[in-house]
Structure formats: structure tokens, C-alpha cells
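Structure first, then comments.
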Amino acid sequence: MTLLLHPFVQKTIVAMAYDLPQSLLLCGPSGVGLHSIARSIAGRELSGEIESEDTKNAKGGTISVETVRGLYSQTRSKQTKRQIIIIDDADRMSLGAQNAFLKLLEEPNSHTYFILTSHHPETLLPTIRSRVQTIEIKRLLPKQTDELFERLGVRDQAKRTQLRYLAEGLPAEITRLVQDDDYFKQRAAIIGDARTFLQATTYEKLLLIQKYRSDRDAAISLLESALYMLRRSASSSPELAHIAQLARLLSAKEQLLANGNVQLQLARAVL
């Protein structure tokens, strides 16, 4: 299936195909399809992929320093053709791994190219971000989302409305929601919890926190869903209360990404 991309992103990537930067960072919201886009750019020149080593948890785990150091032999061997290496969810690199990767960026091999993907690029070292060219992958336009629905055979308008609410403009997320009923139910439950997190009484919010206190990735998904809903409300009816609430949620998310205590940060977001 041909990738659907926001028109601006499409033009940027087509132009870049003629002059690929040695180190590229693709960033954007979860579900926008960063990994598929990275593989599309790499094409037949893809020679390796690095990803989280926790195979039991698709969203969890880290990329260790040993894994990154393993790239040294691959990137230092004599090459006559271009090789492209993808580091998926690059923000999963441990601090040691990021420092090891930085050395690769500082001493580039002329035939080796890196494509990094990240939904949280702010957690990467500033020295890494300064050495990569960044492309922000935007959400699809509404008419492109309709085209995706047609491709996936989703013609029921009620179902389309549900999918838009859950994943407006996010092609990878929409595809997974359509193809995996269990995942659809899971995401719908998180959206319901996010609504509670925004609108319920303080007591109800504190009860909800207990459900998420031992699962960092689920807590981050909860906050991201709440942020998305709150931004939509703020865009249609901006209020000072929305701004203050957005600030609290963003702060909590940043702290969770920095390994802050899950229960404490969620509590701070609602108190």
C-alpha cells in the first residue's frame, strides 16, 4: 500500500531523496507512521535496524549502549555502496547509548547514513539533535483520512467518526485500530479514562491514577490522549483554565519521560 503523507511532508521527502542527509530524524505524534516512512526512505539501501530490546513489551524497553556500540564494526568496515541504518524510537536509547551514538555522528563514515525516529525528540541529547536534520511528520489532512478509510474498507459513518476521534490524521494508528479489535477496545478505554482524568471529581481522578500507577507507558498514553482532547477543546473554546491544565499535563508527561514517579506525577497533574 502506498504511504499516505501530508502534502508538505510528501514534497519534503521527495526533494530529500536526491540529497539525503547523513543523519535524519523523523519525529511526530504516535501513530503517524514514522517507522514505515523511514523504511520507505531507506528502500533497498536499508542495511540494518535498531529497536527496543524488550520484545515482551512493544512500547517498552530500551536500546542499550552495547547495541549501539555494535554499530561500530558495521559502520567502520569498508563500504563502496550507501548503507542506511534505522534507529526506531531513538528516544529509547539509554544515556550511555546516546553518548555512544554521538561518537558515530562525530566521526561519520561517508557511505553510512542514519534515519532516527522519535515521538519524543526532546528527550534526545541536544548534541544529537544539533547533528541531525529533523523532519516533523504531520497528521494527514481530513480528505486524506477519508481516502485511508476507503483503502481499509471502512464505509460505516459511525465507525469513521469513532476512528477520527481516536486517531484523527494518524494513518498507522487508524490502520491498527481497524485491523485489531482488541486494540480498538483498549484505545477506546484509554480515551474514556482520559475524559475522566479531565472532567471527573478529584476523588474519581485519584482512583483512576491507581489503575495506571504501575505502567509508565500506559500512563504516558493516558496523558497524551488527555492532551489531545484538551487541545481540541481549547482550539474551539479557549479558556485560561485550559491553558493551566495543559501546562500541568505537559509537565507530568515530561517528568514521566524522564523516569519520574508515575503515581506522583499523575497526582500532580490533577491536584
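Ligands are numbered from 1 in the order shown, residues from 1 within each chain, and chains are lettered A, B, ... in the order they appear in the C-alpha cells.
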
Check your understanding: Using only C-alpha atoms, which residues sit within 12 Å of Val262 in chain A once same-chain residues fewer than 2 positions away are excluded, as a PyMOL selection string?
Key -> chain A and resi 209-220+222-223+252-260+264-269

Exercise for review: Identify all residues of range 43-220 of chain A in strand (DSSP E or B) (DSSP on the backbone) and supply them as a VMD selection string.
Suggested key: chain A and resid 46 to 50 63 83 to 87 93 112 to 118 133 to 136

Point to revise | Contacts of Ser225 in chain A within 7 Å, only C-alpha atoms, excl. fewer than 3 positions in-chain, as number ranges by chain | key: A: 191, 194, 221-222, 228-229

Review point. Hey, which of A:Gly153, A:Gly48, A:Gly70, A:Pro171 ends up closest to Pro29 in chain A? Count only C-alpha atoms.
Key: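 So, comparing all the options, the nearest one is A:Pro171.
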